[in-house]
Amino acid sequence: YHGNKKEIEMAKKIEYGRMLHGGDYNPEQWLDRPDILKKDIEYFKKAHINTVSVGIFSWAVLEPEEGKYNLGWLEEIIDNLYKEGISTILATPSGARPKWMADKYPEVLRMDPDRTRRFFGGRHNHCYTSPVYRQKVHDMDKLLSQRLGSHPGVILWHISNEFGGECYCPLCQQKFREWLKEKYGTIEKLNSSWCTTFWSHIYNSFDQIEAPSPKGENELHALKLDWNRFVTDRTIDFIKGEVAAIREGGSELPVTANLMYDYNGLDYKKFRDVLDVVSWDNYPGWHKKEEYLTAIDAGMQHDLMRSIKNQPFLLMESCPSATNWKPINKLKKPGMMLAASLQAVAHGSDSVLYFQLHQSQGASEKFHGAVIDHYGGEDTRVFKEVTEVGEALEALKEVCGSQMKSPVAVLYDRENNWAIQDAQGPRNENMFYTEAVQKQYRALREQGLNVDVISMEHELSSYKIVAAPMAYMFKDGYEERLRAYAENGGTLVITYWTGLVDGTDKCFLGGTPYGLLEAAGLRTTEIDALYDWEENHGISEPGNHLGISGTYTCKNLCELVKVSDAEVLMRYGDDFYTGAPVVTHKAYGKGHVYYVGADMEQAFYSDFYGKAAKETGIQAPLGFVPAEVSVTLRENQENEYLFIQNYARETKAVPVPAEYEVIYGAADEIMQPLATRVLKKKK
């Protein structure tokens, strides 16, 4: 399609001033039903859908036989959508390859950790290293770019789909050895870093190294840690190859790849330089527990994705009804989809997109929720609620592109998580790392504050408070950055199981938390793992400077410390370490270092961060935030936009500050359950 300059400029103007609403569309499933394809567009317009994602799993239709391409149907679909004002996010189809390719080139199929080659089938069953697969992907992507990359209806490239998994084939093994040689330089340095003398596992050359396997080496922690890093690097290199093919085809449109909820297989922070826009797929288990608790979980993931590039992101997939792949696939109750959609917008999304727009008629996702179901009508509850979301996004058009500034941050680092999971002690069933992060995130959110969810690569100086729970690994001298942050005026909160190992999971000598003994005013001595039925308590020290009072329960992990010059704020109340310090504080340089020595209950963190935020002088947008009400702030050069959402199962009174005007939602003080109110004020 050769759109003229005027058409292209018009498309840009239309696009950049609106929230994207729509989602995954698979018209290739309906090519024999032109009546359905025509009706779909009518329904899209009624539901205020302005954007669709196409081509995600279309390879077998785009190239039914090797070298025989069929792109005409896709071009026609994009043309028809564009004529009706609907934009296209165009995907590369590398997430699932056609059968002919697997039959002719078996090397494109993955090999499992036991070195067994997989059969054809499923998704993501491909080797990121295979030269054949890379060439086939390159050829397809370049052709799509040449043919459709300049179409005025196409606004964004969607690279593959939900990258994940790994391959253990000989090609990947060799790339892994090359990766290790580049990282360590000499085999002697690798042996020293990996502590291979243990169990007599010293390597004489890089050629001897094999990827982890349950049939071989699986307890050399540094090997597994580096393998996980290598898998991330291989994935990113594969994405770079796709982007290069698109650019070679002539398209300069931005690229994204849809990431996944708390995915442990890849280190998403490394994706920030290869993606122009971060997007992710959000499928919370609403109504499984109190809505507020699910909202906290989903909100933290939104903030994690936003923090990757510190810019607005896209909600690429969400379910308009019930999924089909969970153990229990619960319907969203009335009002839940609108609340969940606007939560994404509140936390920085410039879109609400669904999987799927038209329900598949067969195969594994035929009962996954969709905007248009098998009935095929518009008089369904789901369609009406999707329409309501579309209307809300149009009403909030001016919020599009606005940023979020956070005065506080919580460290949640994927490499740290990998290392904790492999540590083999003190608990092997669950170290509750994610839960520890979430408790602190929740407590800071309860103060009405925006919260960034950061990795060890993020700059710290802009934050008033940095919480670094269970920072077991100090990679690349991270302890120096934490120390400097506090010394220069920041409030640093560290916890038990912090600063034990370096970036190769090699234990520090000379005391922990490594590099922070002076800054924290203490040294750890032992850590007690509690059985699931055990608990201890933290009892407030009278007259402590933060004013903490009362007694709080702690579980799972209790660390013992030897205090040098830190102030003790709380002491243990039980077991042989009764009276030992559990929470401490030290004024360090211009800032503060707090230490929390046990897995404390949520109530402790809520009280603690309320007082710590007040001590730092942080000003929240609202002076009082009722329980289970979420407050989030977006802003641009002219205005601030305050999102208030009630996730309680009862009404809440939330006064509207005089300096704000209501631009969405009811203006009266009382907020109904799942209600959203958006306020605006000039800067």
# chains A, B, ... in the order shown; residues from 1 in each chain; ligands from 1
call {"tool": "residues_around", "arguments": {"residues": "A:Glu480", "least_positions_apart": "6", "cutoff": "12 Å", "atoms": "only C-alpha atoms", "output": "CSV table (one decimal) with C-alpha atoms, in the first residue's frame"}}
result
chain,number,residue,atom,x,y,z
A,456,MET,CA,19.9,-2.9,40.2
A,460,LEU,CA,18.6,6.0,42.7
A,474,PHE,CA,25.0,-7.2,45.2
A,486,ALA,CA,22.0,7.1,51.8
A,487,GLU,CA,25.1,9.2,52.4
A,499,GLY,CA,24.3,-8.4,50.7
A,513,PRO,CA,25.3,-7.0,54.6
A,514,TYR,CA,28.5,-6.6,52.6
A,515,GLY,CA,29.7,-3.0,52.1
A,516,LEU,CA,27.0,-1.7,54.4
A,517,LEU,CA,28.2,-2.7,57.9
A,518,GLU,CA,29.2,0.9,58.7
A,519,ALA,CA,26.2,2.5,57.0
call {"tool": "residues_around", "arguments": {"residues": "stretch 87-93 of chain A", "least_positions_apart": "4", "cutoff": "6 Å", "atoms": "only C-alpha atoms", "output": "list in words"}}
result
Thr51, Val52, Ser53, Val54, Gly55, Ile56, Phe57, Ser58, Trp59, Tyr82, Gly153, Val154, Ile155, Leu156, Trp157, His158, Ile159 and Ser160 of chain A
call {"tool": "residues_around", "arguments": {"residues": "stretch 426-438 of chain A", "least_positions_apart": "5", "cutoff": "9 Å", "atoms": "only C-alpha atoms", "output": "list in words"}}
result
Ile296, Asp297, Met300, Val410, Leu411, Tyr412, Asn417, Ile420, Gln421, Ala443, Ala467, Ala468, Pro469, Met470, Ile527, Asp528, Ala529, Leu530, Asn556, Leu557, Asp599 and Met600 of chain A
call {"tool": "residues_around", "arguments": {"residues": "stretch 288-292 of chain A", "least_positions_apart": "6", "cutoff": "8 Å", "atoms": "only C-alpha atoms", "output": "PDB file with N, CA, C and O atoms, in the first residue's frame"}}
result
ATOM      1  N   GLU A 628      -8.056   0.520  51.159  1.00  0.00           N
ATOM      2  CA  GLU A 628      -8.446  -0.172  49.932  1.00  0.00           C
ATOM      3  C   GLU A 628      -8.837   0.775  48.803  1.00  0.00           C
ATOM      4  O   GLU A 628      -9.508   0.386  47.847  1.00  0.00           O
ATOM      5  N   VAL A 629      -8.400   2.014  48.909  1.00  0.00           N
ATOM      6  CA  VAL A 629      -8.563   2.989  47.833  1.00  0.00           C
ATOM      7  C   VAL A 629      -7.190   3.258  47.228  1.00  0.00           C
ATOM      8  O   VAL A 629      -6.214   3.460  47.955  1.00  0.00           O
ATOM      9  N   TYR A 647     -11.307  -0.087  45.476  1.00  0.00           N
ATOM     10  CA  TYR A 647     -11.290  -1.537  45.338  1.00  0.00           C
ATOM     11  C   TYR A 647     -11.891  -2.240  46.554  1.00  0.00           C
ATOM     12  O   TYR A 647     -11.840  -3.467  46.655  1.00  0.00           O
ATOM     13  N   ALA A 648     -12.453  -1.477  47.476  1.00  0.00           N
ATOM     14  CA  ALA A 648     -13.132  -2.073  48.630  1.00  0.00           C
ATOM     15  C   ALA A 648     -14.486  -2.625  48.193  1.00  0.00           C
ATOM     16  O   ALA A 648     -15.043  -2.220  47.172  1.00  0.00           O
ATOM     17  N   ARG A 649     -15.035  -3.518  48.987  1.00  0.00           N
ATOM     18  CA  ARG A 649     -16.352  -4.073  48.690  1.00  0.00           C
ATOM     19  C   ARG A 649     -17.462  -3.274  49.374  1.00  0.00           C
ATOM     20  O   ARG A 649     -18.552  -3.784  49.613  1.00  0.00           O
TER      21      ARG A 649
END
call {"tool": "closest_residue", "arguments": {"among": "A:Thr495, A:Gln637, A:Gln361, A:Ser251", "to": "A:Gln146", "atoms": "only C-alpha atoms"}}
result
A:Ser251
call {"tool": "select_by_dssp", "arguments": {"residues": "stretch 177-320 of chain A", "states": "strand (DSSP E or B)", "output": "list in words"}}
result
Val255, Thr256, Ala257, Asn258, Leu259, Met260, Val277, Val278, Ser279, Trp280, Asp281, Phe313, Leu314, Leu315, Met316 and Glu317 of chain A
call {"tool": "write_last_selection", "arguments": {"atoms": "N, CA and C atoms", "output": "PDB file, in the first residue's frame"}}
result
ATOM      1  N   VAL A 255       8.865  -0.381  17.660  1.00  0.00           N
ATOM      2  CA  VAL A 255       8.642  -1.811  17.902  1.00  0.00           C
ATOM      3  C   VAL A 255       8.333  -2.050  19.371  1.00  0.00           C
ATOM      4  N   THR A 256       7.545  -3.105  19.605  1.00  0.00           N
ATOM      5  CA  THR A 256       7.281  -3.561  20.963  1.00  0.00           C
ATOM      6  C   THR A 256       7.290  -5.076  20.967  1.00  0.00           C
ATOM      7  N   ALA A 257       7.319  -5.663  22.151  1.00  0.00           N
ATOM      8  CA  ALA A 257       7.133  -7.100  22.335  1.00  0.00           C
ATOM      9  C   ALA A 257       6.326  -7.267  23.612  1.00  0.00           C
ATOM     10  N   ASN A 258       5.322  -8.118  23.570  1.00  0.00           N
ATOM     11  CA  ASN A 258       4.445  -8.246  24.742  1.00  0.00           C
ATOM     12  C   ASN A 258       5.076  -9.141  25.801  1.00  0.00           C
ATOM     13  N   LEU A 259       5.339  -8.549  26.947  1.00  0.00           N
ATOM     14  CA  LEU A 259       5.945  -9.250  28.073  1.00  0.00           C
ATOM     15  C   LEU A 259       4.850  -9.881  28.928  1.00  0.00           C
ATOM     16  N   MET A 260       5.257 -10.653  29.935  1.00  0.00           N
ATOM     17  CA  MET A 260       4.286 -11.421  30.719  1.00  0.00           C
ATOM     18  C   MET A 260       4.401 -11.136  32.212  1.00  0.00           C
ATOM     19  N   VAL A 277       8.792   0.643  22.758  1.00  0.00           N
ATOM     20  CA  VAL A 277       7.657   0.731  23.672  1.00  0.00           C
ATOM     21  C   VAL A 277       7.561  -0.589  24.419  1.00  0.00           C
ATOM     22  N   VAL A 278       7.386  -0.532  25.733  1.00  0.00           N
ATOM     23  CA  VAL A 278       7.155  -1.740  26.522  1.00  0.00           C
ATOM     24  C   VAL A 278       5.661  -2.039  26.521  1.00  0.00           C
ATOM     25  N   SER A 279       5.312  -3.280  26.318  1.00  0.00           N
ATOM     26  CA  SER A 279       3.916  -3.701  26.448  1.00  0.00           C
ATOM     27  C   SER A 279       3.866  -5.023  27.203  1.00  0.00           C
ATOM     28  N   TRP A 280       2.708  -5.316  27.785  1.00  0.00           N
ATOM     29  CA  TRP A 280       2.621  -6.580  28.523  1.00  0.00           C
ATOM     30  C   TRP A 280       1.183  -7.071  28.564  1.00  0.00           C
ATOM     31  N   ASP A 281       1.042  -8.358  28.935  1.00  0.00           N
ATOM     32  CA  ASP A 281      -0.243  -9.048  28.954  1.00  0.00           C
ATOM     33  C   ASP A 281      -0.677  -9.292  30.397  1.00  0.00           C
ATOM     34  N   PHE A 313       3.524   2.834  28.888  1.00  0.00           N
ATOM     35  CA  PHE A 313       3.595   1.516  28.270  1.00  0.00           C
ATOM     36  C   PHE A 313       2.255   1.208  27.622  1.00  0.00           C
ATOM     37  N   LEU A 314       2.130   0.027  27.048  1.00  0.00           N
ATOM     38  CA  LEU A 314       0.874  -0.418  26.467  1.00  0.00           C
ATOM     39  C   LEU A 314       0.400  -1.687  27.160  1.00  0.00           C
ATOM     40  N   LEU A 315      -0.871  -1.698  27.541  1.00  0.00           N
ATOM     41  CA  LEU A 315      -1.510  -2.938  27.965  1.00  0.00           C
ATOM     42  C   LEU A 315      -1.887  -3.678  26.691  1.00  0.00           C
ATOM     43  N   MET A 316      -1.099  -4.690  26.324  1.00  0.00           N
ATOM     44  CA  MET A 316      -1.252  -5.342  25.027  1.00  0.00           C
ATOM     45  C   MET A 316      -2.339  -6.412  25.037  1.00  0.00           C
ATOM     46  N   GLU A 317      -2.509  -7.090  26.158  1.00  0.00           N
ATOM     47  CA  GLU A 317      -3.562  -8.099  26.262  1.00  0.00           C
ATOM     48  C   GLU A 317      -4.206  -8.033  27.636  1.00  0.00           C
TER      49      GLU A 317
END
call {"tool": "closest_atom_pairs", "arguments": {"of": "stretch 356-451 of chain A", "to": "stretch 33-40 of chain A", "cutoff": "12 Å", "atoms": "only C-alpha atoms", "output": "tab-separated table"}}
result
residue	atom	partner	partner_atom	distance
A:Leu357	CA	A:Asp40	CA	8.7
A:His358	CA	A:Asp40	CA	7.8
A:Gln359	CA	A:Asp40	CA	11.2
A:Val371	CA	A:Asp40	CA	10.0
A:Ile372	CA	A:Asp40	CA	8.1
A:Asp373	CA	A:Asp40	CA	11.0
A:His374	CA	A:Ile36	CA	11.2
A:Tyr375	CA	A:Ile36	CA	11.8
A:Gly376	CA	A:Ile36	CA	8.7
A:Gly377	CA	A:Lys39	CA	9.6
A:Glu378	CA	A:Asp40	CA	10.2
call {"tool": "write_last_selection", "arguments": {"atoms": "all heavy atoms", "output": "PDB file, in the first residue's frame"}}
result
ATOM      1  N   LEU A 357     -10.412 -10.423  20.162  1.00  0.00           N
ATOM      2  CA  LEU A 357     -11.537  -9.628  19.692  1.00  0.00           C
ATOM      3  C   LEU A 357     -12.674 -10.507  19.194  1.00  0.00           C
ATOM      4  O   LEU A 357     -13.841 -10.236  19.471  1.00  0.00           O
ATOM      5  CB  LEU A 357     -11.080  -8.667  18.588  1.00  0.00           C
ATOM      6  CG  LEU A 357     -10.120  -7.552  19.036  1.00  0.00           C
ATOM      7  CD1 LEU A 357      -9.871  -6.575  17.900  1.00  0.00           C
ATOM      8  CD2 LEU A 357     -10.656  -6.814  20.258  1.00  0.00           C
ATOM      9  N   HIS A 358     -12.346 -11.549  18.435  1.00  0.00           N
ATOM     10  CA  HIS A 358     -13.373 -12.492  17.969  1.00  0.00           C
ATOM     11  C   HIS A 358     -12.973 -13.892  18.415  1.00  0.00           C
ATOM     12  O   HIS A 358     -11.893 -14.371  18.094  1.00  0.00           O
ATOM     13  CB  HIS A 358     -13.513 -12.439  16.444  1.00  0.00           C
ATOM     14  CG  HIS A 358     -14.778 -13.061  15.942  1.00  0.00           C
ATOM     15  ND1 HIS A 358     -15.603 -12.452  15.019  1.00  0.00           N
ATOM     16  CD2 HIS A 358     -15.385 -14.234  16.255  1.00  0.00           C
ATOM     17  CE1 HIS A 358     -16.654 -13.224  14.782  1.00  0.00           C
ATOM     18  NE2 HIS A 358     -16.529 -14.319  15.517  1.00  0.00           N
ATOM     19  N   GLN A 359     -13.841 -14.533  19.145  1.00  0.00           N
ATOM     20  CA  GLN A 359     -13.540 -15.827  19.762  1.00  0.00           C
ATOM     21  C   GLN A 359     -13.261 -16.894  18.700  1.00  0.00           C
ATOM     22  O   GLN A 359     -14.002 -17.037  17.729  1.00  0.00           O
ATOM     23  CB  GLN A 359     -14.728 -16.264  20.632  1.00  0.00           C
ATOM     24  CG  GLN A 359     -14.415 -17.328  21.642  1.00  0.00           C
ATOM     25  CD  GLN A 359     -15.544 -17.471  22.653  1.00  0.00           C
ATOM     26  OE1 GLN A 359     -16.711 -17.297  22.329  1.00  0.00           O
ATOM     27  NE2 GLN A 359     -15.198 -17.778  23.889  1.00  0.00           N
ATOM     28  N   VAL A 371     -14.356 -10.258  22.887  1.00  0.00           N
ATOM     29  CA  VAL A 371     -15.313  -9.170  22.718  1.00  0.00           C
ATOM     30  C   VAL A 371     -16.534  -9.668  21.958  1.00  0.00           C
ATOM     31  O   VAL A 371     -17.683  -9.382  22.318  1.00  0.00           O
ATOM     32  CB  VAL A 371     -14.658  -7.988  21.976  1.00  0.00           C
ATOM     33  CG1 VAL A 371     -15.675  -6.886  21.693  1.00  0.00           C
ATOM     34  CG2 VAL A 371     -13.487  -7.435  22.793  1.00  0.00           C
ATOM     35  N   ILE A 372     -16.297 -10.427  20.884  1.00  0.00           N
ATOM     36  CA  ILE A 372     -17.367 -11.038  20.097  1.00  0.00           C
ATOM     37  C   ILE A 372     -17.272 -12.543  20.301  1.00  0.00           C
ATOM     38  O   ILE A 372     -16.254 -13.158  19.966  1.00  0.00           O
ATOM     39  CB  ILE A 372     -17.221 -10.692  18.601  1.00  0.00           C
ATOM     40  CG1 ILE A 372     -17.198  -9.176  18.406  1.00  0.00           C
ATOM     41  CG2 ILE A 372     -18.343 -11.332  17.785  1.00  0.00           C
ATOM     42  CD1 ILE A 372     -16.755  -8.741  17.013  1.00  0.00           C
ATOM     43  N   ASP A 373     -18.299 -13.146  20.868  1.00  0.00           N
ATOM     44  CA  ASP A 373     -18.229 -14.575  21.175  1.00  0.00           C
ATOM     45  C   ASP A 373     -18.872 -15.409  20.067  1.00  0.00           C
ATOM     46  O   ASP A 373     -19.220 -14.903  18.997  1.00  0.00           O
ATOM     47  CB  ASP A 373     -18.863 -14.862  22.538  1.00  0.00           C
ATOM     48  CG  ASP A 373     -20.347 -14.504  22.581  1.00  0.00           C
ATOM     49  OD1 ASP A 373     -20.946 -14.287  21.511  1.00  0.00           O
ATOM     50  OD2 ASP A 373     -20.905 -14.451  23.700  1.00  0.00           O
ATOM     51  N   HIS A 374     -19.035 -16.719  20.314  1.00  0.00           N
ATOM     52  CA  HIS A 374     -19.577 -17.609  19.296  1.00  0.00           C
ATOM     53  C   HIS A 374     -21.000 -17.233  18.899  1.00  0.00           C
ATOM     54  O   HIS A 374     -21.415 -17.472  17.760  1.00  0.00           O
ATOM     55  CB  HIS A 374     -19.553 -19.056  19.801  1.00  0.00           C
ATOM     56  CG  HIS A 374     -18.171 -19.569  20.056  1.00  0.00           C
ATOM     57  ND1 HIS A 374     -17.864 -20.397  21.110  1.00  0.00           N
ATOM     58  CD2 HIS A 374     -16.991 -19.355  19.405  1.00  0.00           C
ATOM     59  CE1 HIS A 374     -16.571 -20.689  21.093  1.00  0.00           C
ATOM     60  NE2 HIS A 374     -16.019 -20.067  20.070  1.00  0.00           N
ATOM     61  N   TYR A 375     -21.732 -16.654  19.811  1.00  0.00           N
ATOM     62  CA  TYR A 375     -23.083 -16.183  19.512  1.00  0.00           C
ATOM     63  C   TYR A 375     -23.053 -15.129  18.420  1.00  0.00           C
ATOM     64  O   TYR A 375     -23.915 -15.085  17.540  1.00  0.00           O
ATOM     65  CB  TYR A 375     -23.715 -15.644  20.795  1.00  0.00           C
ATOM     66  CG  TYR A 375     -24.851 -14.676  20.610  1.00  0.00           C
ATOM     67  CD1 TYR A 375     -26.050 -15.071  19.999  1.00  0.00           C
ATOM     68  CD2 TYR A 375     -24.745 -13.356  21.054  1.00  0.00           C
ATOM     69  CE1 TYR A 375     -27.095 -14.175  19.840  1.00  0.00           C
ATOM     70  CE2 TYR A 375     -25.780 -12.455  20.900  1.00  0.00           C
ATOM     71  CZ  TYR A 375     -26.953 -12.865  20.289  1.00  0.00           C
ATOM     72  OH  TYR A 375     -27.981 -11.977  20.135  1.00  0.00           O
ATOM     73  N   GLY A 376     -22.051 -14.262  18.443  1.00  0.00           N
ATOM     74  CA  GLY A 376     -21.835 -13.317  17.366  1.00  0.00           C
ATOM     75  C   GLY A 376     -22.687 -12.075  17.393  1.00  0.00           C
ATOM     76  O   GLY A 376     -22.798 -11.379  16.383  1.00  0.00           O
ATOM     77  N   GLY A 377     -23.256 -11.750  18.550  1.00  0.00           N
ATOM     78  CA  GLY A 377     -24.092 -10.561  18.641  1.00  0.00           C
ATOM     79  C   GLY A 377     -23.472  -9.489  19.506  1.00  0.00           C
ATOM     80  O   GLY A 377     -22.483  -9.707  20.206  1.00  0.00           O
ATOM     81  N   GLU A 378     -24.094  -8.291  19.487  1.00  0.00           N
ATOM     82  CA  GLU A 378     -23.610  -7.168  20.279  1.00  0.00           C
ATOM     83  C   GLU A 378     -24.394  -6.981  21.570  1.00  0.00           C
ATOM     84  O   GLU A 378     -24.032  -6.141  22.396  1.00  0.00           O
ATOM     85  CB  GLU A 378     -23.693  -5.874  19.453  1.00  0.00           C
ATOM     86  CG  GLU A 378     -25.108  -5.514  19.039  1.00  0.00           C
ATOM     87  CD  GLU A 378     -25.168  -4.275  18.180  1.00  0.00           C
ATOM     88  OE1 GLU A 378     -25.084  -3.172  18.750  1.00  0.00           O
ATOM     89  OE2 GLU A 378     -25.287  -4.422  16.948  1.00  0.00           O
TER      90      GLU A 378
END
call {"tool": "closest_residue", "arguments": {"among": "A:Leu225, A:Ile465, A:Leu109, A:Leu492", "to": "A:Gly122", "atoms": "only C-alpha atoms"}}
result
A:Leu109
call {"tool": "residues_around", "arguments": {"residues": "A:Phe198", "least_positions_apart": "4", "cutoff": "10 Å", "atoms": "only C-alpha atoms", "output": "PyMOL selection string"}}
result
chain A and resi 194+202+220
call {"tool": "closest_residue", "arguments": {"among": "A:Ala423, A:Leu171, A:Val625, A:Ala322", "to": "A:Pro284", "atoms": "only C-alpha atoms"}}
result
A:Ala322
call {"tool": "residues_around", "arguments": {"residues": "A:Ala298", "least_positions_apart": "4", "cutoff": "8 Å", "atoms": "only C-alpha atoms", "output": "list in words"}}
result
Asn282, Pro284, Thr294 and His302 of chain A
